[in-house]
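Asker: Structure file my_file-v5.tsv (TSV, C-alpha atoms) right here:
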chain	number	residue	atom	x	y	z
A	1	MET	CA	0.00	0.00	0.00
A	2	THR	CA	1.42	3.42	-0.96
A	3	GLY	CA	1.93	6.16	1.61
A	4	ALA	CA	-1.07	8.15	0.36
A	5	ALA	CA	-3.29	5.06	0.27
A	6	SER	CA	-2.17	4.14	3.78
A	7	VAL	CA	-3.09	7.59	5.07
A	8	ASP	CA	-6.47	7.45	3.32
A	9	ALA	CA	-7.19	4.05	4.86
A	10	GLU	CA	-6.19	5.31	8.30
A	11	VAL	CA	-8.45	8.35	7.95
A	12	ALA	CA	-11.38	6.24	6.75
A	13	ALA	CA	-10.99	3.79	9.64
A	14	THR	CA	-10.85	6.60	12.19
A	15	LEU	CA	-13.97	8.23	10.77
A	16	GLU	CA	-15.93	4.98	10.91
A	17	THR	CA	-15.07	4.81	14.61
A	18	LEU	CA	-16.17	8.43	15.02
A	19	ARG	CA	-19.36	8.05	12.96
A	20	PRO	CA	-21.78	7.64	15.93
A	21	GLU	CA	-20.37	10.69	17.70
A	22	LEU	CA	-20.41	12.83	14.57
A	23	ALA	CA	-24.00	11.79	13.82
A	24	ARG	CA	-24.97	12.64	17.39
A	25	LEU	CA	-23.31	16.06	17.09
A	26	ALA	CA	-25.15	16.85	13.85
A	27	ARG	CA	-28.45	15.78	15.42
A	28	GLU	CA	-27.94	17.76	18.62
A	29	LEU	CA	-27.05	20.90	16.68
A	30	TYR	CA	-30.17	20.36	14.57
A	31	ASP	CA	-32.36	19.89	17.65
A	32	GLU	CA	-31.07	23.07	19.32
A	33	PRO	CA	-30.32	25.57	16.55
A	34	GLU	CA	-28.69	28.86	17.53
A	35	ILE	CA	-28.28	31.91	15.33
A	36	GLY	CA	-24.94	33.52	14.57
A	37	PHE	CA	-22.94	34.94	17.48
A	38	ALA	CA	-25.33	33.23	19.94
A	39	GLU	CA	-24.16	29.63	19.43
A	40	HIS	CA	-23.22	29.05	23.08
A	41	ALA	CA	-24.60	25.51	23.44
A	42	SER	CA	-23.34	24.60	19.97
A	43	ALA	CA	-19.81	25.76	20.72
A	44	ALA	CA	-19.91	23.88	24.02
A	45	ARG	CA	-20.92	20.68	22.20
A	46	LEU	CA	-18.04	20.94	19.74
A	47	ALA	CA	-15.63	21.75	22.54
A	48	ALA	CA	-16.77	18.78	24.61
A	49	LEU	CA	-16.41	16.33	21.73
A	50	LEU	CA	-12.99	17.64	20.76
A	51	THR	CA	-11.80	17.60	24.37
A	52	SER	CA	-12.99	14.02	24.82
A	53	HIS	CA	-10.55	13.01	22.07
A	54	GLY	CA	-7.55	14.78	23.60
A	55	ALA	CA	-7.69	18.16	21.87
A	56	GLU	CA	-6.91	21.34	23.76
A	57	VAL	CA	-9.88	23.68	23.21
A	58	GLU	CA	-10.23	27.40	23.87
A	59	VAL	CA	-13.74	28.89	23.71
A	60	GLY	CA	-14.21	32.64	23.36
A	61	VAL	CA	-11.23	33.30	21.08
A	62	PHE	CA	-10.79	35.94	18.37
A	63	GLY	CA	-12.89	38.35	20.44
A	64	LEU	CA	-16.04	36.25	19.97
A	65	PRO	CA	-17.68	34.43	22.90
A	66	THR	CA	-18.85	31.55	20.68
A	67	ALA	CA	-15.68	31.11	18.61
A	68	LEU	CA	-13.41	28.21	19.50
A	69	ARG	CA	-9.90	27.09	18.67
A	70	ALA	CA	-8.77	23.49	19.09
A	71	THR	CA	-5.29	22.03	18.76
A	72	PHE	CA	-3.67	18.78	19.72
A	73	PRO	CA	-0.83	18.99	22.26
A	74	ALA	CA	2.56	19.35	20.61
A	75	ALA	CA	4.61	16.19	20.35
A	76	ASP	CA	8.31	16.40	21.31
A	77	GLY	CA	8.19	20.17	21.36
A	78	GLY	CA	6.89	20.44	17.81
A	79	ALA	CA	3.89	22.33	16.49
A	80	PRO	CA	0.35	21.17	17.35
A	81	ALA	CA	-1.26	18.80	14.92
A	82	ALA	CA	-4.32	20.60	13.64
A	83	GLU	CA	-6.89	23.22	14.43
A	84	THR	CA	-10.60	23.71	14.08
A	85	SER	CA	-12.47	26.95	14.62
A	86	ASP	CA	-15.77	28.50	13.68
A	87	VAL	CA	-15.61	29.25	9.97
A	88	GLU	CA	-15.41	26.93	6.97
A	89	ALA	CA	-12.26	25.49	5.30
A	90	SER	CA	-9.19	27.37	4.09
A	91	ASP	CA	-5.58	26.73	3.17
A	92	VAL	CA	-3.33	29.27	4.90
A	93	GLU	CA	0.30	30.03	5.55
A	94	ALA	CA	1.66	30.94	9.00
A	95	SER	CA	0.57	34.42	10.02
A	96	ASP	CA	0.27	34.36	13.82
A	97	PRO	CA	2.78	36.87	15.28
A	98	GLU	CA	2.61	35.01	18.61
A	99	ALA	CA	3.39	31.58	17.10
A	100	SER	CA	6.51	29.74	18.21
A	101	ALA	CA	9.38	29.47	15.72
A	102	PRO	CA	8.67	25.82	14.75
A	103	GLU	CA	4.96	26.57	14.42
A	104	ALA	CA	5.43	29.80	12.45
A	105	SER	CA	7.83	28.23	9.97
A	106	ALA	CA	5.60	25.27	9.16
A	107	PRO	CA	2.82	25.21	6.54
A	108	HIS	CA	-0.59	25.75	8.05
A	109	PHE	CA	-3.97	24.32	7.09
A	110	ALA	CA	-7.11	25.39	8.93
A	111	ILE	CA	-9.92	22.89	9.34
A	112	ILE	CA	-12.78	25.21	10.13
A	113	ALA	CA	-16.51	24.91	10.85
A	114	GLU	CA	-19.71	26.90	10.99
A	115	TYR	CA	-22.40	25.93	13.47
A	116	ASP	CA	-24.85	28.82	13.38
A	117	ALA	CA	-28.47	28.36	12.24
A	118	LEU	CA	-30.96	30.61	10.46
A	119	PRO	CA	-33.69	32.45	12.38
A	120	GLY	CA	-36.95	30.52	12.33
A	121	ILE	CA	-35.86	27.64	10.07
A	122	GLY	CA	-32.92	26.15	11.93
A	123	HIS	CA	-30.07	24.43	10.10
A	124	ALA	CA	-31.33	25.15	6.60
A	125	CYS	CA	-27.73	25.95	5.58
A	126	GLY	CA	-26.58	22.55	6.79
A	127	HIS	CA	-24.08	24.00	9.23
A	128	ASN	CA	-24.76	21.11	11.60
A	129	ILE	CA	-23.29	18.88	8.88
A	130	ILE	CA	-20.44	21.32	8.17
A	131	ALA	CA	-19.53	21.33	11.86
A	132	GLY	CA	-19.48	17.54	11.91
A	133	VAL	CA	-17.30	17.45	8.79
A	134	ALA	CA	-14.77	19.81	10.36
A	135	VAL	CA	-14.63	17.97	13.68
A	136	GLY	CA	-14.32	14.62	11.91
A	137	ALA	CA	-11.56	15.82	9.59
A	138	PHE	CA	-9.68	17.42	12.48
A	139	LEU	CA	-9.79	14.25	14.57
A	140	ALA	CA	-9.00	11.93	11.66
A	141	ALA	CA	-6.06	13.85	10.17
A	142	PRO	CA	-2.72	12.21	11.02
A	143	PRO	CA	-0.45	13.84	13.62
A	144	PRO	CA	2.51	16.15	12.86
A	145	PRO	CA	4.05	16.83	10.46
A	146	ALA	CA	0.83	16.27	8.52
A	147	VAL	CA	-1.27	19.21	9.76
A	148	VAL	CA	-0.43	22.24	11.87
A	149	PRO	CA	-2.58	25.12	13.16
A	150	GLN	CA	-3.96	28.41	11.96
A	151	GLY	CA	-7.45	29.77	12.47
A	152	GLY	CA	-9.78	32.71	12.17
A	153	PRO	CA	-12.92	34.37	13.48
A	154	SER	CA	-16.50	33.79	12.41
A	155	THR	CA	-17.10	34.92	8.86
A	156	ASP	CA	-18.36	33.76	5.49
A	157	MET	CA	-16.10	31.72	3.22
A	158	GLY	CA	-16.23	34.46	0.64
A	159	ASN	CA	-14.52	36.78	3.11
A	160	VAL	CA	-11.88	34.18	4.01
A	161	SER	CA	-11.02	33.67	0.35
A	162	ARG	CA	-10.16	37.37	0.04
A	163	ILE	CA	-7.29	36.91	2.51
A	164	VAL	CA	-5.82	33.44	1.96
A	165	PRO	CA	-5.89	30.73	-0.71
A	166	SER	CA	-9.11	28.83	0.01
A	167	ILE	CA	-11.30	25.97	-1.10
A	168	HIS	CA	-15.06	25.74	-0.69
A	169	PRO	CA	-16.33	22.44	-2.09
A	170	SER	CA	-19.98	21.42	-1.80
A	171	ILE	CA	-21.45	18.04	-0.85
A	172	GLY	CA	-24.78	16.51	-1.76
A	173	LEU	CA	-27.03	15.32	1.06
A	174	GLY	CA	-28.98	12.82	-1.00
A	175	GLY	CA	-32.27	14.70	-1.00
A	176	PRO	CA	-34.70	15.62	-3.79
A	177	ASP	CA	-33.34	17.81	-6.58
A	178	ASP	CA	-35.97	20.47	-5.90
A	179	VAL	CA	-34.98	21.04	-2.24
A	180	PHE	CA	-32.39	23.78	-1.87
A	181	PRO	CA	-30.48	25.34	1.02
A	182	HIS	CA	-31.98	28.16	3.04
A	183	ASN	CA	-35.45	26.65	3.39
A	184	ALA	CA	-36.99	24.54	6.13
A	185	ASP	CA	-37.27	21.39	4.01
A	186	PHE	CA	-33.51	21.42	3.49
A	187	ALA	CA	-32.91	21.52	7.24
A	188	GLY	CA	-34.80	18.26	7.61
A	189	LEU	CA	-32.47	16.52	5.15
A	190	THR	CA	-29.45	17.15	7.36
A	191	VAL	CA	-30.33	14.46	9.89
A	192	LEU	CA	-31.29	11.69	7.46
A	193	PRO	CA	-28.91	8.75	6.87
A	194	PRO	CA	-27.69	9.92	3.42
A	195	ALA	CA	-26.62	13.26	4.90
A	196	LEU	CA	-24.71	11.52	7.68
A	197	ASP	CA	-22.98	9.32	5.09
A	198	ALA	CA	-22.06	12.50	3.20
A	199	LEU	CA	-20.68	13.99	6.43
A	200	VAL	CA	-18.25	11.10	6.86
A	201	ASP	CA	-17.23	11.11	3.18
A	202	ALA	CA	-16.62	14.87	3.23
A	203	ALA	CA	-14.60	14.65	6.45
A	204	ALA	CA	-12.37	12.03	4.81
A	205	ALA	CA	-11.87	14.24	1.76
A	206	LEU	CA	-11.07	17.29	3.88
A	207	ALA	CA	-8.58	15.40	6.06
A	208	ALA	CA	-6.87	14.02	2.94
A	209	THR	CA	-6.74	17.50	1.41
A	210	ALA	CA	-5.07	18.85	4.55
A	211	VAL	CA	-2.48	16.08	4.46
A	212	ASP	CA	-1.77	16.64	0.76
A	213	ASP	CA	-1.39	20.38	1.24
A	214	VAL	CA	0.99	20.18	4.17
A	215	ALA	CA	3.05	17.34	2.69
A	216	ASP	CA	3.40	18.76	-0.84
A	217	PRO	CA	5.31	22.06	-1.18
A	218	ASP	CA	4.66	22.12	-4.92
A	219	LEU	CA	0.90	22.03	-4.28
A	220	ARG	CA	1.19	24.91	-1.82
A	221	ALA	CA	3.32	26.89	-4.26
A	222	ALA	CA	0.77	26.37	-7.04
A	223	ALA	CA	-2.08	27.49	-4.77
A	224	ALA	CA	-0.14	30.59	-3.69
A	225	SER	CA	0.72	31.42	-7.30
A	226	GLU	CA	-2.88	31.11	-8.42
A	227	PHE	CA	-4.01	33.25	-5.48
A	228	GLU	CA	-1.50	35.99	-6.31
A	229	ALA	CA	-2.49	35.88	-9.98
A	230	SER	CA	-6.10	36.52	-8.98
A	231	GLY	CA	-5.10	39.68	-7.09
A	232	GLY	CA	-3.70	38.37	-3.82
A	233	PRO	CA	-4.91	39.31	-0.34
A	234	PHE	CA	-7.53	42.03	-0.04
A	235	ARG	CA	-6.38	44.54	2.55
A	236	GLY	CA	-9.25	47.00	2.46
A	237	GLU	CA	-9.71	50.27	0.67
A	238	SER	CA	-6.66	52.53	0.60
Take the structure I supplied and represent it as structure tokens, if you would.

Answerer:
Amino acid sequence: MTGAASVDAEVAATLETLRPELARLARELYDEPEIGFAEHASAARLAALLTSHGAEVEVGVFGLPTALRATFPAADGGAPAAETSDVEASDVEASDPEASAPEASAPHFAIIAEYDALPGIGHACGHNIIAGVAVGAFLAAPPPPAVVPQGGPSTDMGNVSRIVPSIHPSIGLGGPDDVFPHNADFAGLTVLPPALDALVDAAAALAATAVDDVADPDLRAAAASEFEASGGPFRGES
């Protein structure tokens, strides 16, 4: 078995073990939806699950009471293994002025989640699934040097992509073709078995993407080049 295939198999096996917990998380977020910047119980649920698997979790980071940052303890003095926080998924280079030298010099990949709901119609964006994908990918990604930390505050993926090279893939939840996000019928799809299968599949893909990015300097260079060619980071109006 090749190195990449071995990693993929390891990730898949870990996610199958995690499947009941990830399904429970998605269901609990669905049952108690909280709107943006008021996701106190939701953040607590993510923090509890991450902590139960050995992650070090800070809640109330980035100046937001419901934002969280999770890392695994550093091994042998090295950088932590991975991070999850409360946006979506982005590929980033080290930018934390307070990072240690080993951490700051390493490539960074954020595994990020949203867990806010819409007023009146709950998780019609599927953020309960997105949160499960992020937690699953974070816990399934191999330890250093595969993935190291960087995070950000609550925002939309469109905003994130103005600052760092980013990816924003979509997943199908197995529902009818005429049911779209941002309506109540879509929220109901997020707790059905096909959606939970999609959660696990997407977590595996995200973990594998993180590993590929951190392990392949040519891939990172190509992403950075494409980002610069598109205009590079947006720093606000001059």

Asker: So the first atom is atom CA of Ala207 of chain A and the second is atom CA of Ser166 of chain A; what is the distance between them in Å, to one decimal place?

Answerer: 14.7 Å

Asker: Between atom CA of Arg235 of chain A and atom CA of Met157 of chain A, what distance in Å does the model show, to one decimal?

Answerer: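 Value for the atom CA of Arg235 of chain A-atom CA of Met157 of chain A distance: 16.1 Å.
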
Asker: Restricting the calculation to all atoms listed in the file, which member of A:Glu10, A:Asp116, A:Glu56, A:Glu226 is positioned closest to Ala26 of chain A?

Answerer: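 Distance minimum relative to Ala26 of chain A lands on A:Asp116.
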
Asker: Have a look at A:Cys125, A:Leu49, A:Ala5, A:Leu64 and name the one nearest to Pro20 of chain A; count only C-alpha atoms.

Answerer: A:Leu49

Asker: What is the atom CA of Ile35 of chain A to atom CA of Leu189 of chain A distance in Å?

Answerer: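 For atom CA of Ile35 of chain A relative to atom CA of Leu189 of chain A, the distance reads 18.9 Å.
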
Asker: A:Val7, A:Leu199, A:Ala140, A:Pro165: which is nearest Ala222 of chain A, counting all atoms listed in the file?

Answerer: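 So, comparing all the options, the nearest one is A:Pro165.
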
Asker: Considering all atoms listed in the file, return as a PyMOL selection string whatever protein or nucleic-acid residues lie within 12 Å of Asn128 of chain A, sequence-local ones (same chain, fewer than 5 positions apart) excluded.

Answerer: chain A and resi 22-35+39+42-43+45-46+86+88+113-118+122-123+133-135+186-191+195-196+199

Asker: Extract, using only C-alpha atoms, all DNA, RNA and protein residues at most 12 Å from segment 203-205 of chain A, discarding same-chain residues fewer than 6 positions from it, and format them as a PyMOL selection string.

Answerer: chain A and resi 7-16+18-19+22+89+111-113+129-142+169-171+196-197+211-212

Asker: Out of A:Glu21, A:Ala41, A:Ala110, A:Leu68, which residue has the shortest atom-to-atom distance to Ala210 of chain A when counting all atoms listed in the file?

Answerer: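 Distance minimum relative to Ala210 of chain A lands on A:Ala110.
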
Asker: Which of these residues is nearest to Pro194 of chain A, using all atoms listed in the file: A:His182, A:Pro176, A:Thr209, A:Arg220?

Answerer: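 Among the listed residues, A:Pro176 lies closest to Pro194 of chain A.
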
Asker: Here is a test: counting only C-alpha atoms, which residue of A:Pro233, A:Gly174, A:Pro119, A:Ser225 is nearest to Val160 of chain A?

Answerer: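 Using only C-alpha atoms, Val160 of chain A sits closest to A:Pro233.
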